[in-house]
Every structure is written in C-alpha cells, then in structure tokens.
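Enquirer: My questions all concern the structure below.
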There are 2 protein chains.
Amino acid sequence: MARLLQEIEPAPVACCTPVVSPDISSDQAQTLAAIFKALADQHRVRIVNLLANAPEPVCVCDFMPQLGLAQGTVSFHLKKLLAVGLLEREQRGTWAYYSLKRDALNRLADVFTMKEAVA
Amino acid sequence: MARLLQEIEPAPVACCTPVVSPDISSDQAQTLAAIFKALADQHRVRIVNLLANAPEPVCVCDFMPQLGLAQGTVSFHLKKLLAVGLLEREQRGTWAYYSLKRDALNRLADVFTMKEAVA
DNA sequence: AGAGAAGATTGACGTTTCTCGATCAATACT
DNA sequence: AGTATTGATCGAGAAACGTCAATCTTCTCT
C-alpha cells in the first residue's frame, strides 16, 4: 500500500500513501495533505461532484453559473484540482473541458481503507 | 453524510455540455470541505496516521516529540481533527488520550467510492 | 491548602488562501 | 486584418491559517 506513492510521476499526481499505512514519512504526509488541501474548499468539492455526475467533460463556462463565481476564480479553483492530478484538461477550440480522473479518486478511497495485513 | 459521488446519469447536451442536476447542496459541500480542511495539513495527516497504527489511544505528550511541535500547536491540531469528528478524546487523570474514530474514516472512504455505470 | 504537571486557550505575527476586476493570449468568425 | 470570445494570469485586499510563548485550568499528590 505504501508503495503507491513511489510509483507516481515526478509531477504532482493524486495519490497516495494510505493514511492508515504504518509510519508514513513527512514527505508522504505532505503529498497527502496537498491533495486534501485541494479538496478543502466548498467550491472545489462541488466541482468534483459536478464532474462525477457528468457523463462527459465539462466546459469552464458551465461552472461559472453553477458556482456563482467570477471566471477568474473558477480558473483558480480548477487549477488547484488539476495540480494535484484530480482533474484532466482538454482544449477544444476556444473552450477548455475538464473531467475527473476517476482512477485518482478511486485511489483516494483506498487511502482511508484499513487493512490488517499488507502481505 | 452527503454522498459525493452518485451514479452517472445521462444528461442533455447543449452548447457547452450542461452539468447534471443531482448535485450536492452548498451545505453538503461545505460539510465535506470542512472535513478535508481538517486533513489539509501535513501534521494532522501524520496524527491520523499515527493513531491509525496505534493499538491504544495516544497521549498528547507522545505527539509532541513525534511531530516536533510545541505543546500548544499540537493541541491546536488535535482540536481541529476533533471538531470534525475524526478523533475522540478521553481524559485520564491529568492526561488526555486521543484515538481515531474508525467508522468516520470508513465513511470518508465511501465518499470517493464510485458506482461505475456502463458507459 | 499548596506545589507540580498536563494540556487547553490566548495574543501576536507572518504566511497562505480566496476573491474580484483587469489584462493578456489564443482561437474563431467575419 | 479586425473583432469577438474563452479562459489563464496578474495585482490587490480581506480573511483564514499555523506557529510560538505566555497564561489559564484542571487534576494529582503531598
């Protein structure tokens, strides 16, 4: 379980050493904290939720009315989620579409899963 | 607790891919964000990790050397985790012992659990 | 009652975060 | 070329956060 952190890219990617794995290092704690920090805002939680329910990538212009935030602020939040590898960005002409990285989310669920044996 | 991820539903497609309707409310988003906020710090992640591996409740005095923080700061962090229901506090004489609320962690894991729909 | 010890709380200070309006870069359409 | 339009970035101000030293508060033991 603790090896999940080692196999990630040099770039920040969502995932993770389980919070329940034995003796995580300061670095690992920091990586995990960074991911939680990205989720530690009500607007970003809603973004993730909206994307989770969306069958396809969502355009930035759709987030603004949903969240009631200025365009620059929406970009700010999307960037935070992107930075930790929770989201994916795709450019289509003038528009930017964002989608959830489902596997990152799944690995995040494992972070909280308690296991007795680590084989 | 609010379920973050729901089953994927087909949504009408317009100019910019409208977002689906079954969102979580602002209140629910705020509640979730508060929990993530409690975990959005490397020291608090380590506290949870240490508690997850401890067979018994842990004394405050044990956290200080582990985290390398002043006593007041440790209390500050423990209070944050306590406030969102992740920890439990038990007074034993002069000492205060903290332990993890395992069920709270398990429910947190469910927040990320994806019910995959057939695309 | 008085002395000690553990831990919670307070006050102060520097850092980070969120927000908006404004600007900039890139793409699309006349 | 010229003009919109989308979205990223910048600058600034307000609020929230993390930290420590100092100060309670509570409990224990003489």
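Scheme for the structure tokens: letters A, B, ... for chains in order shown; per-chain residue numbers from 1; ligand numbers from 1 in order shown.
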Under the rule of at most 7 Å, produce a per-residue listing of chain A near chain C: chain, number, name, the closest pair of atoms, and the distance in Å, as a Markdown table, using only C-alpha atoms (C1' of nucleotides).
Expert:
| residue | atom | partner | partner_atom | distance |
| --- | --- | --- | --- | --- |
| A:Thr73 | CA | C:DT19 | C1' | 6.8 |
| A:Gly93 | CA | C:DT27 | C1' | 6.2 |
| A:Thr94 | CA | C:DT27 | C1' | 5.2 |
Enquirer: I need the chain B residues near chain D as a ChimeraX atom specification; criterion: at most 12 Å, counting only C-alpha atoms (C1' of nucleotides).
Expert: /B:16,37-38,40-44,68-77,80,91-96
Enquirer: Put those residues in a file: C-alpha atoms, as an mmCIF file, in the first residue's frame.
Expert:
data_model
loop_
_atom_site.group_PDB
_atom_site.id
_atom_site.type_symbol
_atom_site.label_atom_id
_atom_site.label_comp_id
_atom_site.auth_asym_id
_atom_site.auth_seq_id
_atom_site.Cartn_x
_atom_site.Cartn_y
_atom_site.Cartn_z
ATOM 1 C CA CYS B 16 -21.350 23.503 -23.684
ATOM 2 C CA LYS B 37 -9.821 21.086 5.636
ATOM 3 C CA ALA B 38 -9.136 19.192 8.832
ATOM 4 C CA ALA B 40 -5.289 19.570 4.803
ATOM 5 C CA ASP B 41 -2.163 19.810 6.899
ATOM 6 C CA GLN B 42 0.845 17.545 6.961
ATOM 7 C CA HIS B 43 0.960 17.397 10.746
ATOM 8 C CA ARG B 44 -2.675 16.439 11.016
ATOM 9 C CA GLY B 68 8.381 18.295 16.627
ATOM 10 C CA LEU B 69 5.832 20.933 17.505
ATOM 11 C CA ALA B 70 5.198 22.984 20.612
ATOM 12 C CA GLN B 71 2.566 21.729 23.001
ATOM 13 C CA GLY B 72 0.083 24.440 22.197
ATOM 14 C CA THR B 73 0.403 23.776 18.499
ATOM 15 C CA VAL B 74 -0.293 20.080 18.989
ATOM 16 C CA SER B 75 -3.437 20.907 20.934
ATOM 17 C CA PHE B 76 -4.440 23.223 18.122
ATOM 18 C CA HIS B 77 -4.199 20.460 15.540
ATOM 19 C CA LYS B 80 -9.262 20.651 14.503
ATOM 20 C CA GLN B 91 -9.372 12.242 29.859
ATOM 21 C CA ARG B 92 -7.341 10.011 32.154
ATOM 22 C CA GLY B 93 -6.274 11.945 35.182
ATOM 23 C CA THR B 94 -4.041 14.764 34.062
ATOM 24 C CA TRP B 95 -3.516 13.214 30.674
ATOM 25 C CA ALA B 96 -5.571 13.461 27.543
#
Enquirer: Taking the DSSP assignment computed from this structure's backbone, write out as a PyMOL selection string all residues of range 49-93 of chain B that belong to strand (DSSP E).
Expert: chain B and resi 58-59+87-92
Enquirer: Distance CA of Leu51 in chain B-CA of Leu87 in chain B, one decimal place?
Expert: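 Separation of CA of Leu51 in chain B and CA of Leu87 in chain B: 9.0 Å.
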Enquirer: Please check the contacts: residues of chain A at most 7 Å away from chain B, using only C-alpha atoms, listed as a ChimeraX atom specification.
Expert: /A:19-23,29-30,33-34,36-37,39-42,45-46,49-50,52-55,58-59,62,105-106,108-110,112-113
Enquirer: Keeping only N, CA, C and O atoms, write the selected residues as a short mmCIF file (atom, residue, chain, number, x, y, z; two decimals), in the first residue's frame.
Expert:
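Once everything was written out, this is out_39.cif:
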data_model
loop_
_atom_site.label_atom_id
_atom_site.label_comp_id
_atom_site.auth_asym_id
_atom_site.auth_seq_id
_atom_site.Cartn_x
_atom_site.Cartn_y
_atom_site.Cartn_z
N VAL A 19 -3.55 6.69 4.55
CA VAL A 19 -3.37 7.39 5.80
C VAL A 19 -3.25 6.39 6.95
O VAL A 19 -2.83 6.72 8.04
N VAL A 20 -3.60 5.18 6.67
CA VAL A 20 -3.55 4.16 7.70
C VAL A 20 -2.32 3.26 7.60
O VAL A 20 -2.13 2.38 8.40
N SER A 21 -1.49 3.51 6.58
CA SER A 21 -0.31 2.66 6.45
C SER A 21 0.70 3.03 7.53
O SER A 21 0.75 4.16 7.99
N PRO A 22 1.50 2.07 7.90
CA PRO A 22 2.41 2.30 9.01
C PRO A 22 3.45 3.39 8.75
O PRO A 22 4.09 3.38 7.71
N ASP A 23 3.57 4.29 9.66
CA ASP A 23 4.65 5.27 9.67
C ASP A 23 4.93 5.94 8.34
O ASP A 23 5.97 5.72 7.72
N ALA A 29 3.29 12.55 4.05
CA ALA A 29 2.24 13.30 4.73
C ALA A 29 1.95 14.60 3.98
O ALA A 29 0.80 15.01 3.84
N GLN A 30 3.02 15.19 3.47
CA GLN A 30 2.85 16.45 2.75
C GLN A 30 2.11 16.25 1.43
O GLN A 30 1.28 17.06 1.04
N ALA A 33 -1.47 15.68 2.28
CA ALA A 33 -2.07 16.94 2.72
C ALA A 33 -2.37 17.84 1.54
O ALA A 33 -3.38 18.54 1.52
N ALA A 34 -1.49 17.81 0.54
CA ALA A 34 -1.69 18.65 -0.65
C ALA A 34 -2.98 18.26 -1.37
O ALA A 34 -3.71 19.11 -1.87
N PHE A 36 -5.61 16.78 0.04
CA PHE A 36 -6.75 17.20 0.88
C PHE A 36 -6.94 18.71 0.79
O PHE A 36 -8.06 19.20 0.83
N LYS A 37 -5.83 19.43 0.68
CA LYS A 37 -5.91 20.87 0.55
C LYS A 37 -6.69 21.25 -0.71
O LYS A 37 -7.45 22.20 -0.72
N LEU A 39 -9.06 19.67 -1.93
CA LEU A 39 -10.48 19.38 -1.71
C LEU A 39 -11.05 20.20 -0.55
O LEU A 39 -12.24 20.11 -0.26
N ALA A 40 -10.21 21.00 0.07
CA ALA A 40 -10.63 21.72 1.28
C ALA A 40 -11.29 23.05 0.97
O ALA A 40 -10.97 24.08 1.56
N ASP A 41 -12.20 23.02 0.05
CA ASP A 41 -12.94 24.24 -0.31
C ASP A 41 -14.28 23.82 -0.87
O ASP A 41 -14.37 22.92 -1.70
N GLN A 42 -15.33 24.48 -0.42
CA GLN A 42 -16.67 24.06 -0.81
C GLN A 42 -16.88 24.13 -2.32
O GLN A 42 -17.55 23.27 -2.90
N VAL A 45 -15.16 21.17 -3.92
CA VAL A 45 -15.93 19.94 -3.67
C VAL A 45 -17.08 19.85 -4.66
O VAL A 45 -17.35 18.79 -5.23
N ARG A 46 -17.72 20.97 -4.88
CA ARG A 46 -18.85 20.97 -5.82
C ARG A 46 -18.38 20.71 -7.24
O ARG A 46 -19.06 20.04 -8.02
N ASN A 49 -17.90 17.09 -7.52
CA ASN A 49 -19.21 16.45 -7.54
C ASN A 49 -19.89 16.60 -8.89
O ASN A 49 -20.45 15.64 -9.44
N LEU A 50 -19.84 17.80 -9.43
CA LEU A 50 -20.45 18.04 -10.73
C LEU A 50 -19.80 17.18 -11.80
O LEU A 50 -20.48 16.58 -12.64
N ALA A 52 -18.26 14.40 -11.31
CA ALA A 52 -18.55 12.99 -11.04
C ALA A 52 -19.89 12.59 -11.63
O ALA A 52 -20.10 11.45 -12.02
N ASN A 53 -20.79 13.55 -11.69
CA ASN A 53 -22.12 13.26 -12.22
C ASN A 53 -22.24 13.53 -13.71
O ASN A 53 -23.26 13.21 -14.31
N ALA A 54 -21.23 14.15 -14.25
CA ALA A 54 -21.28 14.48 -15.67
C ALA A 54 -20.82 13.29 -16.50
O ALA A 54 -19.80 12.69 -16.19
N PRO A 55 -21.56 12.97 -17.53
CA PRO A 55 -21.20 11.84 -18.38
C PRO A 55 -20.01 12.16 -19.27
O PRO A 55 -19.33 11.26 -19.74
N VAL A 58 -16.66 18.68 -18.87
CA VAL A 58 -17.48 19.87 -18.68
C VAL A 58 -16.69 21.12 -19.03
O VAL A 58 -15.51 21.25 -18.69
N CYS A 59 -17.37 22.01 -19.72
CA CYS A 59 -16.77 23.27 -20.16
C CYS A 59 -16.68 24.25 -18.99
O CYS A 59 -17.55 24.29 -18.13
N ASP A 62 -19.59 26.38 -18.05
CA ASP A 62 -20.71 25.78 -17.32
C ASP A 62 -20.53 25.88 -15.81
O ASP A 62 -21.50 25.87 -15.06
N LEU A 105 -9.47 9.27 -7.99
CA LEU A 105 -10.49 9.28 -6.95
C LEU A 105 -10.60 7.92 -6.27
O LEU A 105 -10.76 7.83 -5.06
N ASN A 106 -10.51 6.90 -7.09
CA ASN A 106 -10.59 5.56 -6.52
C ASN A 106 -9.43 5.29 -5.58
O ASN A 106 -9.60 4.70 -4.51
N LEU A 108 -7.89 7.45 -3.94
CA LEU A 108 -8.11 8.25 -2.75
C LEU A 108 -9.01 7.51 -1.76
O LEU A 108 -8.84 7.61 -0.54
N ALA A 109 -9.94 6.76 -2.28
CA ALA A 109 -10.81 5.97 -1.40
C ALA A 109 -9.98 4.95 -0.62
O ALA A 109 -10.23 4.70 0.56
N ASP A 110 -8.98 4.42 -1.29
CA ASP A 110 -8.13 3.41 -0.64
C ASP A 110 -7.31 4.00 0.50
O ASP A 110 -6.89 3.28 1.40
N PHE A 112 -8.24 5.68 2.84
CA PHE A 112 -8.93 5.55 4.11
C PHE A 112 -9.28 4.12 4.46
O PHE A 112 -9.83 3.86 5.52
N THR A 113 -8.99 3.25 3.57
CA THR A 113 -9.36 1.86 3.80
C THR A 113 -8.35 1.18 4.70
O THR A 113 -7.16 1.18 4.43
#
